[in-house]
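Undergrad: Next comes the structure file model-v8.pdb, holding PDB, C-alpha atoms.
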MODEL        1
ATOM      1  CA  MET D  12     -29.111 121.112  90.415  1.00  0.00           C
ATOM      2  CA  ALA D  13     -32.500 119.357  90.122  1.00  0.00           C
ATOM      3  CA  PRO D  14     -33.663 117.111  92.959  1.00  0.00           C
ATOM      4  CA  SER D  15     -33.156 113.483  92.103  1.00  0.00           C
ATOM      5  CA  LYS D  16     -35.920 110.899  92.078  1.00  0.00           C
ATOM      6  CA  PRO D  17     -35.561 107.716  94.100  1.00  0.00           C
ATOM      7  CA  TYR D  18     -33.958 104.906  92.153  1.00  0.00           C
ATOM      8  CA  THR D  19     -36.305 102.189  90.896  1.00  0.00           C
ATOM      9  CA  PRO D  20     -34.904  99.446  88.718  1.00  0.00           C
ATOM     10  CA  ARG D  21     -36.501  98.927  85.337  1.00  0.00           C
ATOM     11  CA  GLY D  22     -39.165  96.307  85.142  1.00  0.00           C
ATOM     12  CA  VAL D  23     -39.829  96.235  88.892  1.00  0.00           C
ATOM     13  CA  ARG D  24     -43.529  96.118  89.626  1.00  0.00           C
ATOM     14  CA  GLN D  25     -45.562  95.380  92.694  1.00  0.00           C
ATOM     15  CA  ILE D  26     -46.866  91.839  93.017  1.00  0.00           C
ATOM     16  CA  SER D  27     -50.431  93.179  93.293  1.00  0.00           C
ATOM     17  CA  GLU D  28     -50.120  94.768  89.839  1.00  0.00           C
ATOM     18  CA  VAL D  29     -48.943  91.474  88.374  1.00  0.00           C
ATOM     19  CA  ALA D  30     -51.679  89.488  90.139  1.00  0.00           C
ATOM     20  CA  ASN D  31     -54.409  91.926  89.086  1.00  0.00           C
ATOM     21  CA  GLY D  32     -53.151  91.801  85.519  1.00  0.00           C
ATOM     22  CA  LEU D  33     -53.479  88.022  85.552  1.00  0.00           C
ATOM     23  CA  LEU D  34     -56.747  87.715  87.474  1.00  0.00           C
ATOM     24  CA  ASP D  35     -58.808  90.536  85.973  1.00  0.00           C
ATOM     25  CA  PRO D  36     -59.258  88.949  82.519  1.00  0.00           C
ATOM     26  CA  VAL D  37     -60.202  85.603  84.062  1.00  0.00           C
ATOM     27  CA  LEU D  38     -62.687  87.141  86.503  1.00  0.00           C
ATOM     28  CA  ALA D  39     -64.153  89.348  83.792  1.00  0.00           C
ATOM     29  CA  LYS D  40     -64.696  86.392  81.494  1.00  0.00           C
ATOM     30  CA  ARG D  41     -65.989  83.947  84.115  1.00  0.00           C
ATOM     31  CA  ALA D  42     -67.896  86.152  86.540  1.00  0.00           C
ATOM     32  CA  GLY D  43     -68.082  89.620  84.993  1.00  0.00           C
ATOM     33  CA  ILE D  44     -66.394  91.240  88.005  1.00  0.00           C
ATOM     34  CA  SER D  45     -62.972  92.710  88.666  1.00  0.00           C
ATOM     35  CA  THR D  46     -60.486  92.492  91.505  1.00  0.00           C
ATOM     36  CA  LEU D  47     -61.155  96.175  92.181  1.00  0.00           C
ATOM     37  CA  LEU D  48     -64.774  95.347  93.093  1.00  0.00           C
ATOM     38  CA  LEU D  49     -63.670  92.425  95.249  1.00  0.00           C
ATOM     39  CA  GLY D  50     -61.058  94.540  97.014  1.00  0.00           C
ATOM     40  CA  SER D  51     -63.508  97.365  97.704  1.00  0.00           C
ATOM     41  CA  TRP D  52     -66.407  95.140  98.731  1.00  0.00           C
ATOM     42  CA  ASP D  53     -66.014  95.848 102.469  1.00  0.00           C
ATOM     43  CA  GLU D  54     -66.498  99.569 101.823  1.00  0.00           C
ATOM     44  CA  ILE D  55     -69.373  99.042  99.398  1.00  0.00           C
ATOM     45  CA  ALA D  56     -71.322  96.585 101.572  1.00  0.00           C
ATOM     46  CA  GLY D  57     -70.733  98.566 104.758  1.00  0.00           C
ATOM     47  CA  GLU D  58     -69.959  97.393 108.265  1.00  0.00           C
ATOM     48  CA  ALA D  59     -73.209  95.472 108.651  1.00  0.00           C
ATOM     49  CA  PHE D  60     -72.636  93.145 105.686  1.00  0.00           C
ATOM     50  CA  ALA D  61     -68.897  93.184 104.991  1.00  0.00           C
ATOM     51  CA  ASP D  62     -68.186  90.028 106.975  1.00  0.00           C
ATOM     52  CA  CYS D  63     -71.164  87.954 105.827  1.00  0.00           C
ATOM     53  CA  THR D  64     -71.399  88.737 102.080  1.00  0.00           C
ATOM     54  CA  ARG D  65     -69.267  88.241  98.981  1.00  0.00           C
ATOM     55  CA  PRO D  66     -69.957  89.221  95.342  1.00  0.00           C
ATOM     56  CA  GLU D  67     -70.128  86.110  93.149  1.00  0.00           C
ATOM     57  CA  LYS D  68     -70.775  87.290  89.593  1.00  0.00           C
ATOM     58  CA  ILE D  69     -72.470  89.876  87.416  1.00  0.00           C
ATOM     59  CA  ALA D  70     -74.865  88.530  84.796  1.00  0.00           C
ATOM     60  CA  TRP D  71     -75.097  90.960  81.906  1.00  0.00           C
ATOM     61  CA  PRO D  72     -78.191  90.639  79.676  1.00  0.00           C
ATOM     62  CA  ARG D  73     -77.794  89.473  76.111  1.00  0.00           C
ATOM     63  CA  ARG D  74     -78.053  92.414  73.813  1.00  0.00           C
ATOM     64  CA  ALA D  75     -79.945  92.105  70.578  1.00  0.00           C
ATOM     65  CA  SER D  76     -79.160  95.780  70.020  1.00  0.00           C
ATOM     66  CA  GLU D  77     -75.437  94.958  69.583  1.00  0.00           C
ATOM     67  CA  MET D  78     -76.200  93.019  66.453  1.00  0.00           C
ATOM     68  CA  ALA D  79     -78.277  95.902  65.120  1.00  0.00           C
ATOM     69  CA  GLY D  80     -75.360  98.301  65.677  1.00  0.00           C
ATOM     70  CA  GLU D  81     -76.747 100.165  68.694  1.00  0.00           C
ATOM     71  CA  SER D  82     -74.508 100.544  71.733  1.00  0.00           C
ATOM     72  CA  ARG D  83     -76.966 101.211  74.557  1.00  0.00           C
ATOM     73  CA  HIS D  84     -75.865  99.888  77.950  1.00  0.00           C
ATOM     74  CA  GLN D  85     -78.215  97.640  79.901  1.00  0.00           C
ATOM     75  CA  PRO D  86     -77.584  97.061  83.614  1.00  0.00           C
ATOM     76  CA  GLY D  87     -76.845  93.582  84.924  1.00  0.00           C
ATOM     77  CA  VAL D  88     -77.750  91.427  87.917  1.00  0.00           C
ATOM     78  CA  LEU D  89     -75.195  91.020  90.711  1.00  0.00           C
ATOM     79  CA  THR D  90     -75.228  87.679  92.514  1.00  0.00           C
ATOM     80  CA  ILE D  91     -74.180  87.983  96.148  1.00  0.00           C
ATOM     81  CA  ALA D  92     -73.403  85.064  98.465  1.00  0.00           C
ATOM     82  CA  CYS D  93     -74.680  85.695 101.980  1.00  0.00           C
ATOM     83  CA  ASP D  94     -74.633  83.744 105.228  1.00  0.00           C
ATOM     84  CA  GLY D  95     -77.999  82.189 106.137  1.00  0.00           C
ATOM     85  CA  ALA D  96     -80.089  84.428 108.380  1.00  0.00           C
ATOM     86  CA  ARG D  97     -78.406  87.666 107.322  1.00  0.00           C
ATOM     87  CA  ALA D  98     -79.785  87.285 103.788  1.00  0.00           C
ATOM     88  CA  LEU D  99     -83.180  88.599 104.907  1.00  0.00           C
ATOM     89  CA  PHE D 100     -81.617  91.785 106.266  1.00  0.00           C
ATOM     90  CA  LEU D 101     -79.578  92.159 103.069  1.00  0.00           C
ATOM     91  CA  ALA D 102     -82.748  91.847 100.994  1.00  0.00           C
ATOM     92  CA  HIS D 103     -84.283  94.769 102.901  1.00  0.00           C
ATOM     93  CA  THR D 104     -81.331  97.024 102.068  1.00  0.00           C
ATOM     94  CA  GLU D 105     -81.103  95.949  98.417  1.00  0.00           C
ATOM     95  CA  GLY D 106     -81.957  99.410  97.054  1.00  0.00           C
ATOM     96  CA  GLU D 107     -79.224 101.112  99.052  1.00  0.00           C
ATOM     97  CA  LEU D 108     -76.704  98.430  98.055  1.00  0.00           C
ATOM     98  CA  VAL D 109     -77.533  98.854  94.355  1.00  0.00           C
ATOM     99  CA  GLN D 110     -76.975 102.615  94.698  1.00  0.00           C
ATOM    100  CA  ARG D 111     -73.603 102.060  96.376  1.00  0.00           C
ATOM    101  CA  ILE D 112     -72.477  99.622  93.684  1.00  0.00           C
ATOM    102  CA  ASN D 113     -73.532 101.952  90.889  1.00  0.00           C
ATOM    103  CA  GLY D 114     -71.743 104.804  92.675  1.00  0.00           C
ATOM    104  CA  PHE D 115     -68.612 102.655  92.779  1.00  0.00           C
ATOM    105  CA  PHE D 116     -68.769 101.940  89.047  1.00  0.00           C
ATOM    106  CA  GLY D 117     -69.780 105.511  88.172  1.00  0.00           C
ATOM    107  CA  PHE D 118     -72.655 104.463  85.927  1.00  0.00           C
ATOM    108  CA  PRO D 119     -75.825 102.349  86.356  1.00  0.00           C
ATOM    109  CA  ALA D 120     -74.119  98.951  86.061  1.00  0.00           C
ATOM    110  CA  ILE D 121     -76.492  96.995  88.311  1.00  0.00           C
ATOM    111  CA  ASP D 122     -80.275  97.156  88.496  1.00  0.00           C
ATOM    112  CA  ARG D 123     -80.975  94.103  90.680  1.00  0.00           C
ATOM    113  CA  VAL D 124     -79.267  91.964  93.284  1.00  0.00           C
ATOM    114  CA  ARG D 125     -79.700  88.207  93.476  1.00  0.00           C
ATOM    115  CA  ILE D 126     -78.964  86.815  96.932  1.00  0.00           C
ATOM    116  CA  VAL D 127     -77.725  83.243  97.301  1.00  0.00           C
ATOM    117  CA  GLN D 128     -77.557  81.721 100.772  1.00  0.00           C
ATOM    118  CA  LYS D 129     -74.261  79.931 101.279  1.00  0.00           C
ATOM    119  CA  PRO D 130     -71.427  80.079 103.774  1.00  0.00           C
ATOM    120  CA  VAL D 131     -69.099  82.962 103.045  1.00  0.00           C
ATOM    121  CA  THR D 132     -66.420  82.416 105.648  1.00  0.00           C
ATOM    122  CA  PRO D 133     -64.374  79.282 105.071  1.00  0.00           C
ATOM    123  CA  THR D 134     -64.823  76.605 107.700  1.00  0.00           C
ATOM    124  CA  THR D 135     -61.661  75.777 109.562  1.00  0.00           C
ATOM    125  CA  ARG D 136     -60.947  72.139 110.117  1.00  0.00           C
ATOM    126  CA  THR D 137     -59.427  71.202 113.399  1.00  0.00           C
ATOM    127  CA  ARG D 138     -56.797  68.534 113.160  1.00  0.00           C
ATOM    128  CA  ARG D 139     -56.241  66.046 115.859  1.00  0.00           C
ATOM    129  CA  PRO D 140     -52.768  66.212 117.308  1.00  0.00           C
ATOM    130  CA  PRO D 141     -50.497  63.425 116.136  1.00  0.00           C
ATOM    131  CA  ARG D 142     -49.980  60.464 118.464  1.00  0.00           C
TER
ENDMDL
END
Show me the file's structure as structure tokens.

TA:
Amino acid sequence: MAPSKPYTPRGVRQISEVANGLLDPVLAKRAGISTLLLGSWDEIAGEAFADCTRPEKIAWPRRASEMAGESRHQPGVLTIACDGARALFLAHTEGELVQRINGFFGFPAIDRVRIVQKPVTPTTRTRRPPR
């Protein structure tokens, strides 16, 4: 008698699979990034920058070679939002960050990083207690 597999009803999927299926096309069209990059950002950025940075978008260059029939890949520019003073330290480690991102993708997807100073962590509003 063969060991039986655990029962899983047909059509049952994890909510993360459904959400990724819905969000990935929108993020790819609007910002050029995927939920996989956003989910792995803490590991890519490292401990020093995980809490103060967030990837915003990837700007891919327009390719004149596509119209000519060539399919040569050109790397893009990743825009990263960073909290104020930490942006200077991020700029000094740009080369290492580009290598980590390209290692994540498995091909040279990014050649430059554009750093935008803006608050990354949402500000929490304190409500006054009701009278």

Undergrad: Would you kindly translate the PyMOL selection byres ((chain D and resi 55) around 10) into the concrete residues it picks from this file, as a PyMOL selection string?

TA: chain D and resi 48-54+56-58+60-61+108-115

Undergrad: Considering only C-alpha atoms, can you say which of D:Cys93, D:Leu47, D:Val88, D:Val131 comes closest to Phe116 in chain D?

TA: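 Looking only at the distances to Phe116 in chain D, the closest residue turns out to be D:Leu47.
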
Undergrad: For the atom pair CA of Ile126 in chain D and CA of Ala92 in chain D, what is the interatomic distance in Å to one decimal place?

TA: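 Calculated distance between CA of Ile126 in chain D and CA of Ala92 in chain D is 6.0 Å.
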
Undergrad: Hey, can you check how far CA of Thr132 in chain D sits from CA of Ala96 in chain D?

TA: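 If I compute the distance from CA of Thr132 in chain D to CA of Ala96 in chain D, I get 14.1 Å.
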
Undergrad: So how far away is CA of Thr64 in chain D from CA of Glu105 in chain D, in Å?

TA: 12.6 Å

Undergrad: Could you tell me which residues the PyMOL selection byres ((chain D and resi 91) around 10) returns for this structure, as a PyMOL selection string?

TA: chain D and resi 64-69+88-90+92-93+98+101+124-129+131

Undergrad: Taking all atoms listed in the file into account, which of D:Gly106, D:Pro140, D:Gln25, D:Arg97 comes nearest Asp62 in chain D?

TA: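 Checking each candidate against Asp62 in chain D, we get D:Arg97 as the closest.
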